[in-house]
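Student: What follows is structure-v4.cif; its format and atoms are mmCIF, N, CA and C atoms.
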```cif
data_structure
loop_
_atom_site.group_PDB
_atom_site.id
_atom_site.type_symbol
_atom_site.label_atom_id
_atom_site.label_comp_id
_atom_site.auth_asym_id
_atom_site.auth_seq_id
_atom_site.Cartn_x
_atom_site.Cartn_y
_atom_site.Cartn_z
ATOM 1 N N MET A 1 85.407 102.767 75.769
ATOM 2 C CA MET A 1 86.731 103.179 76.195
ATOM 3 C C MET A 1 86.577 104.484 76.984
ATOM 4 N N ASP A 2 87.173 104.516 78.160
ATOM 5 C CA ASP A 2 87.025 105.697 79.012
ATOM 6 C C ASP A 2 88.039 106.789 78.650
ATOM 7 N N LEU A 3 87.820 107.979 79.188
ATOM 8 C CA LEU A 3 88.638 109.144 78.877
ATOM 9 C C LEU A 3 90.101 108.951 79.269
ATOM 10 N N ILE A 4 90.361 108.305 80.391
ATOM 11 C CA ILE A 4 91.746 108.089 80.842
ATOM 12 C C ILE A 4 92.495 107.163 79.879
ATOM 13 N N THR A 5 91.825 106.134 79.382
ATOM 14 C CA THR A 5 92.448 105.239 78.410
ATOM 15 C C THR A 5 92.755 105.982 77.117
ATOM 16 N N ILE A 6 91.816 106.802 76.662
ATOM 17 C CA ILE A 6 92.039 107.612 75.454
ATOM 18 C C ILE A 6 93.210 108.567 75.670
ATOM 19 N N LEU A 7 93.263 109.194 76.838
ATOM 20 C CA LEU A 7 94.372 110.087 77.169
ATOM 21 C C LEU A 7 95.701 109.334 77.111
ATOM 22 N N GLY A 8 95.744 108.157 77.671
ATOM 23 C CA GLY A 8 96.950 107.340 77.652
ATOM 24 C C GLY A 8 97.344 106.933 76.246
ATOM 25 N N LEU A 9 96.367 106.595 75.418
ATOM 26 C CA LEU A 9 96.654 106.210 74.034
ATOM 27 C C LEU A 9 97.196 107.393 73.226
ATOM 28 N N VAL A 10 96.620 108.574 73.423
ATOM 29 C CA VAL A 10 97.107 109.770 72.723
ATOM 30 C C VAL A 10 98.517 110.109 73.188
ATOM 31 N N ALA A 11 98.752 110.088 74.492
ATOM 32 C CA ALA A 11 100.086 110.383 75.030
ATOM 33 C C ALA A 11 101.106 109.372 74.515
ATOM 34 N N GLY A 12 100.757 108.111 74.535
ATOM 35 C CA GLY A 12 101.657 107.073 74.058
ATOM 36 C C GLY A 12 101.943 107.205 72.573
ATOM 37 N N THR A 13 100.929 107.554 71.806
ATOM 38 C CA THR A 13 101.115 107.749 70.365
ATOM 39 C C THR A 13 102.088 108.889 70.092
ATOM 40 N N LEU A 14 101.900 110.004 70.780
ATOM 41 C CA LEU A 14 102.774 111.164 70.560
ATOM 42 C C LEU A 14 104.214 110.884 70.964
ATOM 43 N N THR A 15 104.420 110.262 72.110
ATOM 44 C CA THR A 15 105.794 109.993 72.547
ATOM 45 C C THR A 15 106.462 108.925 71.683
ATOM 46 N N THR A 16 105.683 107.999 71.178
ATOM 47 C CA THR A 16 106.229 106.975 70.297
ATOM 48 C C THR A 16 106.586 107.571 68.935
ATOM 49 N N LEU A 17 105.707 108.382 68.381
ATOM 50 C CA LEU A 17 105.963 109.000 67.079
ATOM 51 C C LEU A 17 107.139 109.967 67.123
ATOM 52 N N ALA A 18 107.481 110.447 68.300
ATOM 53 C CA ALA A 18 108.604 111.375 68.439
ATOM 54 C C ALA A 18 109.921 110.748 68.000
ATOM 55 N N PHE A 19 109.997 109.435 67.982
ATOM 56 C CA PHE A 19 111.233 108.749 67.588
ATOM 57 C C PHE A 19 111.351 108.548 66.085
ATOM 58 N N LEU A 20 110.267 108.681 65.363
ATOM 59 C CA LEU A 20 110.309 108.430 63.926
ATOM 60 C C LEU A 20 111.223 109.388 63.160
ATOM 61 N N PRO A 21 111.221 110.701 63.445
ATOM 62 C CA PRO A 21 112.159 111.570 62.718
ATOM 63 C C PRO A 21 113.616 111.159 62.901
ATOM 64 N N GLN A 22 113.990 110.755 64.109
ATOM 65 C CA GLN A 22 115.366 110.305 64.350
ATOM 66 C C GLN A 22 115.654 109.036 63.560
ATOM 67 N N LEU A 23 114.728 108.110 63.584
ATOM 68 C CA LEU A 23 114.878 106.863 62.849
ATOM 69 C C LEU A 23 115.039 107.138 61.361
ATOM 70 N N PHE A 24 114.182 107.996 60.790
ATOM 71 C CA PHE A 24 114.261 108.315 59.366
ATOM 72 C C PHE A 24 115.552 109.045 59.021
ATOM 73 N N LYS A 25 116.000 109.934 59.901
ATOM 74 C CA LYS A 25 117.240 110.669 59.640
ATOM 75 C C LYS A 25 118.437 109.723 59.601
ATOM 76 N N ILE A 26 118.501 108.807 60.546
ATOM 77 C CA ILE A 26 119.593 107.830 60.555
ATOM 78 C C ILE A 26 119.535 106.980 59.292
ATOM 79 N N TRP A 27 118.340 106.557 58.920
ATOM 80 C CA TRP A 27 118.160 105.715 57.746
ATOM 81 C C TRP A 27 118.608 106.459 56.482
ATOM 82 N N GLN A 28 118.210 107.737 56.356
ATOM 83 C CA GLN A 28 118.530 108.509 55.152
ATOM 84 C C GLN A 28 120.008 108.867 55.071
ATOM 85 N N THR A 29 120.588 109.304 56.194
ATOM 86 C CA THR A 29 121.981 109.752 56.179
ATOM 87 C C THR A 29 122.962 108.597 56.310
ATOM 88 N N LYS A 30 122.453 107.452 56.716
ATOM 89 C CA LYS A 30 123.290 106.273 56.974
ATOM 90 C C LYS A 30 124.394 106.592 57.985
ATOM 91 N N SER A 31 124.008 107.402 58.968
ATOM 92 C CA SER A 31 124.953 107.783 60.016
ATOM 93 C C SER A 31 124.217 107.879 61.345
ATOM 94 N N ALA A 32 124.797 107.233 62.343
ATOM 95 C CA ALA A 32 124.259 107.305 63.702
ATOM 96 C C ALA A 32 125.371 107.673 64.674
ATOM 97 N N LYS A 33 126.399 108.336 64.157
ATOM 98 C CA LYS A 33 127.576 108.627 64.981
ATOM 99 C C LYS A 33 127.268 109.554 66.157
ATOM 100 N N ASP A 34 126.250 110.377 66.032
ATOM 101 C CA ASP A 34 125.915 111.316 67.106
ATOM 102 C C ASP A 34 124.966 110.729 68.145
ATOM 103 N N ILE A 35 124.586 109.487 67.977
ATOM 104 C CA ILE A 35 123.684 108.813 68.909
ATOM 105 C C ILE A 35 124.526 107.989 69.882
ATOM 106 N N SER A 36 124.292 108.187 71.167
ATOM 107 C CA SER A 36 125.033 107.453 72.187
ATOM 108 C C SER A 36 124.519 106.016 72.289
ATOM 109 N N PHE A 37 125.417 105.061 72.093
ATOM 110 C CA PHE A 37 125.045 103.645 72.190
ATOM 111 C C PHE A 37 124.602 103.299 73.614
ATOM 112 N N ASN A 38 125.330 103.797 74.608
ATOM 113 C CA ASN A 38 124.964 103.516 76.004
ATOM 114 C C ASN A 38 123.572 104.049 76.334
ATOM 115 N N THR A 39 123.272 105.246 75.864
ATOM 116 C CA THR A 39 121.940 105.815 76.102
ATOM 117 C C THR A 39 120.870 104.933 75.476
ATOM 118 N N LEU A 40 121.108 104.478 74.252
ATOM 119 C CA LEU A 40 120.140 103.599 73.583
ATOM 120 C C LEU A 40 119.909 102.314 74.372
ATOM 121 N N ILE A 41 120.974 101.730 74.866
ATOM 122 C CA ILE A 41 120.844 100.474 75.609
ATOM 123 C C ILE A 41 120.053 100.685 76.901
ATOM 124 N N PHE A 42 120.428 101.704 77.678
ATOM 125 C CA PHE A 42 119.707 101.965 78.925
ATOM 126 C C PHE A 42 118.244 102.321 78.645
ATOM 127 N N PHE A 43 118.016 103.112 77.606
ATOM 128 C CA PHE A 43 116.650 103.498 77.265
ATOM 129 C C PHE A 43 115.825 102.277 76.869
ATOM 130 N N ASN A 44 116.405 101.389 76.056
ATOM 131 C CA ASN A 44 115.677 100.191 75.640
ATOM 132 C C ASN A 44 115.380 99.260 76.810
ATOM 133 N N ILE A 45 116.295 99.160 77.742
ATOM 134 C CA ILE A 45 116.028 98.360 78.946
ATOM 135 C C ILE A 45 114.853 98.964 79.716
ATOM 136 N N GLY A 46 114.861 100.283 79.870
ATOM 137 C CA GLY A 46 113.763 100.959 80.558
ATOM 138 C C GLY A 46 112.433 100.767 79.849
ATOM 139 N N ILE A 47 112.426 100.892 78.531
ATOM 140 C CA ILE A 47 111.200 100.694 77.754
ATOM 141 C C ILE A 47 110.710 99.259 77.891
ATOM 142 N N PHE A 48 111.631 98.300 77.873
ATOM 143 C CA PHE A 48 111.249 96.898 78.047
ATOM 144 C C PHE A 48 110.595 96.688 79.413
ATOM 145 N N LEU A 49 111.181 97.295 80.441
ATOM 146 C CA LEU A 49 110.601 97.171 81.781
ATOM 147 C C LEU A 49 109.227 97.827 81.865
ATOM 148 N N TRP A 50 109.051 98.977 81.196
ATOM 149 C CA TRP A 50 107.724 99.609 81.138
ATOM 150 C C TRP A 50 106.732 98.693 80.424
ATOM 151 N N LEU A 51 107.188 98.020 79.388
ATOM 152 C CA LEU A 51 106.321 97.089 78.667
ATOM 153 C C LEU A 51 105.869 95.955 79.584
ATOM 154 N N ILE A 52 106.798 95.381 80.326
ATOM 155 C CA ILE A 52 106.454 94.313 81.284
ATOM 156 C C ILE A 52 105.468 94.844 82.325
ATOM 157 N N TYR A 53 105.713 96.044 82.809
ATOM 158 C CA TYR A 53 104.825 96.686 83.790
ATOM 159 C C TYR A 53 103.419 96.856 83.206
ATOM 160 N N GLY A 54 103.348 97.319 81.974
ATOM 161 C CA GLY A 54 102.051 97.490 81.327
ATOM 162 C C GLY A 54 101.324 96.182 81.133
ATOM 163 N N ILE A 55 102.074 95.129 80.782
ATOM 164 C CA ILE A 55 101.465 93.809 80.624
ATOM 165 C C ILE A 55 100.941 93.321 81.969
ATOM 166 N N TYR A 56 101.718 93.530 83.014
ATOM 167 C CA TYR A 56 101.298 93.112 84.356
ATOM 168 C C TYR A 56 100.005 93.816 84.770
ATOM 169 N N LEU A 57 99.913 95.115 84.457
ATOM 170 C CA LEU A 57 98.720 95.887 84.805
ATOM 171 C C LEU A 57 97.585 95.709 83.808
ATOM 172 N N ASN A 58 97.896 95.048 82.674
ATOM 173 C CA ASN A 58 96.929 94.919 81.588
ATOM 174 C C ASN A 58 96.456 96.303 81.130
ATOM 175 N N ALA A 59 97.412 97.226 80.999
ATOM 176 C CA ALA A 59 97.123 98.609 80.623
ATOM 177 C C ALA A 59 97.487 98.811 79.151
ATOM 178 N N LEU A 60 96.478 98.805 78.302
ATOM 179 C CA LEU A 60 96.683 98.879 76.865
ATOM 180 C C LEU A 60 97.538 100.078 76.430
ATOM 181 N N PRO A 61 97.306 101.287 76.938
ATOM 182 C CA PRO A 61 98.148 102.409 76.504
ATOM 183 C C PRO A 61 99.631 102.205 76.825
ATOM 184 N N ILE A 62 99.932 101.676 77.988
ATOM 185 C CA ILE A 62 101.326 101.443 78.374
ATOM 186 C C ILE A 62 101.929 100.338 77.501
ATOM 187 N N ILE A 63 101.168 99.303 77.245
ATOM 188 C CA ILE A 63 101.652 98.196 76.426
ATOM 189 C C ILE A 63 101.946 98.660 75.006
ATOM 190 N N LEU A 64 100.983 99.310 74.361
ATOM 191 C CA LEU A 64 101.154 99.712 72.970
ATOM 192 C C LEU A 64 102.270 100.738 72.802
ATOM 193 N N ALA A 65 102.269 101.762 73.652
ATOM 194 C CA ALA A 65 103.283 102.815 73.530
ATOM 195 C C ALA A 65 104.686 102.239 73.682
ATOM 196 N N ASN A 66 104.871 101.399 74.666
ATOM 197 C CA ASN A 66 106.210 100.872 74.919
ATOM 198 C C ASN A 66 106.600 99.775 73.937
ATOM 199 N N LEU A 67 105.648 99.027 73.449
ATOM 200 C CA LEU A 67 105.952 98.018 72.438
ATOM 201 C C LEU A 67 106.484 98.679 71.168
ATOM 202 N N PHE A 68 105.764 99.700 70.675
ATOM 203 C CA PHE A 68 106.191 100.361 69.453
ATOM 204 C C PHE A 68 107.450 101.200 69.661
ATOM 205 N N THR A 69 107.572 101.835 70.820
ATOM 206 C CA THR A 69 108.794 102.592 71.117
ATOM 207 C C THR A 69 109.991 101.653 71.163
ATOM 208 N N LEU A 70 109.815 100.487 71.763
ATOM 209 C CA LEU A 70 110.900 99.500 71.821
ATOM 210 C C LEU A 70 111.284 99.033 70.416
ATOM 211 N N ILE A 71 110.301 98.774 69.592
ATOM 212 C CA ILE A 71 110.580 98.343 68.212
ATOM 213 C C ILE A 71 111.359 99.424 67.467
ATOM 214 N N PHE A 72 110.878 100.675 67.540
ATOM 215 C CA PHE A 72 111.561 101.774 66.846
ATOM 216 C C PHE A 72 112.991 101.944 67.352
ATOM 217 N N ASN A 73 113.172 101.856 68.648
ATOM 218 C CA ASN A 73 114.501 102.061 69.204
ATOM 219 C C ASN A 73 115.420 100.876 68.981
ATOM 220 N N MET A 74 114.884 99.678 68.871
ATOM 221 C CA MET A 74 115.719 98.532 68.503
ATOM 222 C C MET A 74 116.195 98.681 67.054
ATOM 223 N N ILE A 75 115.355 99.253 66.202
ATOM 224 C CA ILE A 75 115.784 99.533 64.834
ATOM 225 C C ILE A 75 116.908 100.569 64.847
ATOM 226 N N ILE A 76 116.786 101.583 65.703
ATOM 227 C CA ILE A 76 117.842 102.588 65.827
ATOM 228 C C ILE A 76 119.136 101.938 66.315
ATOM 229 N N VAL A 77 119.058 101.018 67.268
ATOM 230 C CA VAL A 77 120.252 100.294 67.731
ATOM 231 C C VAL A 77 120.861 99.513 66.574
ATOM 232 N N TRP A 78 120.028 98.822 65.822
ATOM 233 C CA TRP A 78 120.508 98.050 64.673
ATOM 234 C C TRP A 78 121.200 98.967 63.665
ATOM 235 N N LEU A 79 120.589 100.136 63.386
ATOM 236 C CA LEU A 79 121.201 101.080 62.453
ATOM 237 C C LEU A 79 122.500 101.653 63.012
ATOM 238 N N LYS A 80 122.535 101.885 64.318
ATOM 239 C CA LYS A 80 123.754 102.377 64.957
ATOM 240 C C LYS A 80 124.898 101.373 64.748
ATOM 241 N N ILE A 81 124.599 100.102 64.916
ATOM 242 C CA ILE A 81 125.611 99.057 64.718
ATOM 243 C C ILE A 81 125.967 98.942 63.229
ATOM 244 N N LYS A 82 124.967 98.964 62.390
ATOM 245 C CA LYS A 82 125.178 98.806 60.940
ATOM 246 C C LYS A 82 125.998 99.960 60.363
ATOM 247 N N TYR A 83 125.717 101.186 60.774
ATOM 248 C CA TYR A 83 126.369 102.360 60.200
ATOM 249 C C TYR A 83 127.506 102.902 61.047
ATOM 250 N N LYS A 84 128.074 102.075 61.911
ATOM 251 C CA LYS A 84 129.149 102.567 62.764
ATOM 252 C C LYS A 84 130.325 102.973 61.936
#
```
Take the structure I supplied and represent it as structure tokens, if you would.

Tutor:
Amino acid sequence: MDLITILGLVAGTLTTLAFLPQLFKIWQTKSAKDISFNTLIFFNIGIFLWLIYGIYLNALPIILANLFTLIFNMIIVWLKIKYK
């Protein structure tokens, strides 16, 4: 594995993990009232498009980072709907 791939994996890991505190806070407080639904939808569309782009390029860091970010943010959308 080359240095650029490792750099991409580290960057993707950090940006993906950045969503976990928000996810846990929503889960614990059972409140997502301060989260914009429109922002979540646009963000998830963008992440999905990045995932498709990564698959097209066969770029593992882009694929993994966006796959997990999409999963975490879809859970946030689900919690937003559940705890409205």

Student: Rounded to one decimal, what separation in Å do you get between CA of Leu14 in chain A and CA of Gln28 in chain A?

Tutor: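 Distance between the two atoms: 22.2 Å.
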
Student: Find the residues around range 61-74 of chain A up to 5 Å (all atoms listed in the file counted), leave out those fewer than 5 positions away in its own chain, and share them as JSON, numbers by chain.

Tutor: {"A": [8, 9, 12, 54]}

Student: Between CA of Ile35 in chain A and atom N of Val77 in chain A, what is the distance in Å, rounded to a tenth?

Tutor: 9.2 Å

Student: One decimal, in Å: what's the spacing between CA of Leu79 in chain A and CA of Phe42 in chain A?

Tutor: 16.6 Å

Student: Closest to Tyr83 in chain A among A:Gln22, A:Thr29, A:Thr5, A:Thr16, using only C-alpha atoms?

Tutor: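 Comparing A:Gln22, A:Thr29, A:Thr5, A:Thr16 against Tyr83 in chain A, the winner is A:Thr29.
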
Student: Can range 70-82 of chain A be brought up to N, CA, C and O atoms and written out as an mmCIF file, in the frame of the given file?

Tutor:
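This went into selection34.cif:
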```cif
data_model
loop_
_atom_site.group_PDB
_atom_site.id
_atom_site.type_symbol
_atom_site.label_atom_id
_atom_site.label_comp_id
_atom_site.auth_asym_id
_atom_site.auth_seq_id
_atom_site.Cartn_x
_atom_site.Cartn_y
_atom_site.Cartn_z
ATOM 1 N N LEU A 70 109.815 100.487 71.763
ATOM 2 C CA LEU A 70 110.900 99.500 71.821
ATOM 3 C C LEU A 70 111.284 99.033 70.416
ATOM 4 O O LEU A 70 112.471 98.942 70.089
ATOM 5 N N ILE A 71 110.301 98.774 69.592
ATOM 6 C CA ILE A 71 110.580 98.343 68.212
ATOM 7 C C ILE A 71 111.359 99.424 67.467
ATOM 8 O O ILE A 71 112.388 99.149 66.843
ATOM 9 N N PHE A 72 110.878 100.675 67.540
ATOM 10 C CA PHE A 72 111.561 101.774 66.846
ATOM 11 C C PHE A 72 112.991 101.944 67.352
ATOM 12 O O PHE A 72 113.922 102.139 66.573
ATOM 13 N N ASN A 73 113.172 101.856 68.648
ATOM 14 C CA ASN A 73 114.501 102.061 69.204
ATOM 15 C C ASN A 73 115.420 100.876 68.981
ATOM 16 O O ASN A 73 116.638 101.046 68.891
ATOM 17 N N MET A 74 114.884 99.678 68.871
ATOM 18 C CA MET A 74 115.719 98.532 68.503
ATOM 19 C C MET A 74 116.195 98.681 67.054
ATOM 20 O O MET A 74 117.317 98.298 66.729
ATOM 21 N N ILE A 75 115.355 99.253 66.202
ATOM 22 C CA ILE A 75 115.784 99.533 64.834
ATOM 23 C C ILE A 75 116.908 100.569 64.847
ATOM 24 O O ILE A 75 117.894 100.436 64.111
ATOM 25 N N ILE A 76 116.786 101.583 65.703
ATOM 26 C CA ILE A 76 117.842 102.588 65.827
ATOM 27 C C ILE A 76 119.136 101.938 66.315
ATOM 28 O O ILE A 76 120.222 102.245 65.810
ATOM 29 N N VAL A 77 119.058 101.018 67.268
ATOM 30 C CA VAL A 77 120.252 100.294 67.731
ATOM 31 C C VAL A 77 120.861 99.513 66.574
ATOM 32 O O VAL A 77 122.076 99.544 66.361
ATOM 33 N N TRP A 78 120.028 98.822 65.822
ATOM 34 C CA TRP A 78 120.508 98.050 64.673
ATOM 35 C C TRP A 78 121.200 98.967 63.665
ATOM 36 O O TRP A 78 122.282 98.641 63.162
ATOM 37 N N LEU A 79 120.589 100.136 63.386
ATOM 38 C CA LEU A 79 121.201 101.080 62.453
ATOM 39 C C LEU A 79 122.500 101.653 63.012
ATOM 40 O O LEU A 79 123.460 101.871 62.265
ATOM 41 N N LYS A 80 122.535 101.885 64.318
ATOM 42 C CA LYS A 80 123.754 102.377 64.957
ATOM 43 C C LYS A 80 124.898 101.373 64.748
ATOM 44 O O LYS A 80 126.022 101.755 64.424
ATOM 45 N N ILE A 81 124.599 100.102 64.916
ATOM 46 C CA ILE A 81 125.611 99.057 64.718
ATOM 47 C C ILE A 81 125.967 98.942 63.229
ATOM 48 O O ILE A 81 127.143 98.866 62.869
ATOM 49 N N LYS A 82 124.967 98.964 62.390
ATOM 50 C CA LYS A 82 125.178 98.806 60.940
ATOM 51 C C LYS A 82 125.998 99.960 60.363
ATOM 52 O O LYS A 82 126.867 99.731 59.515
#
```
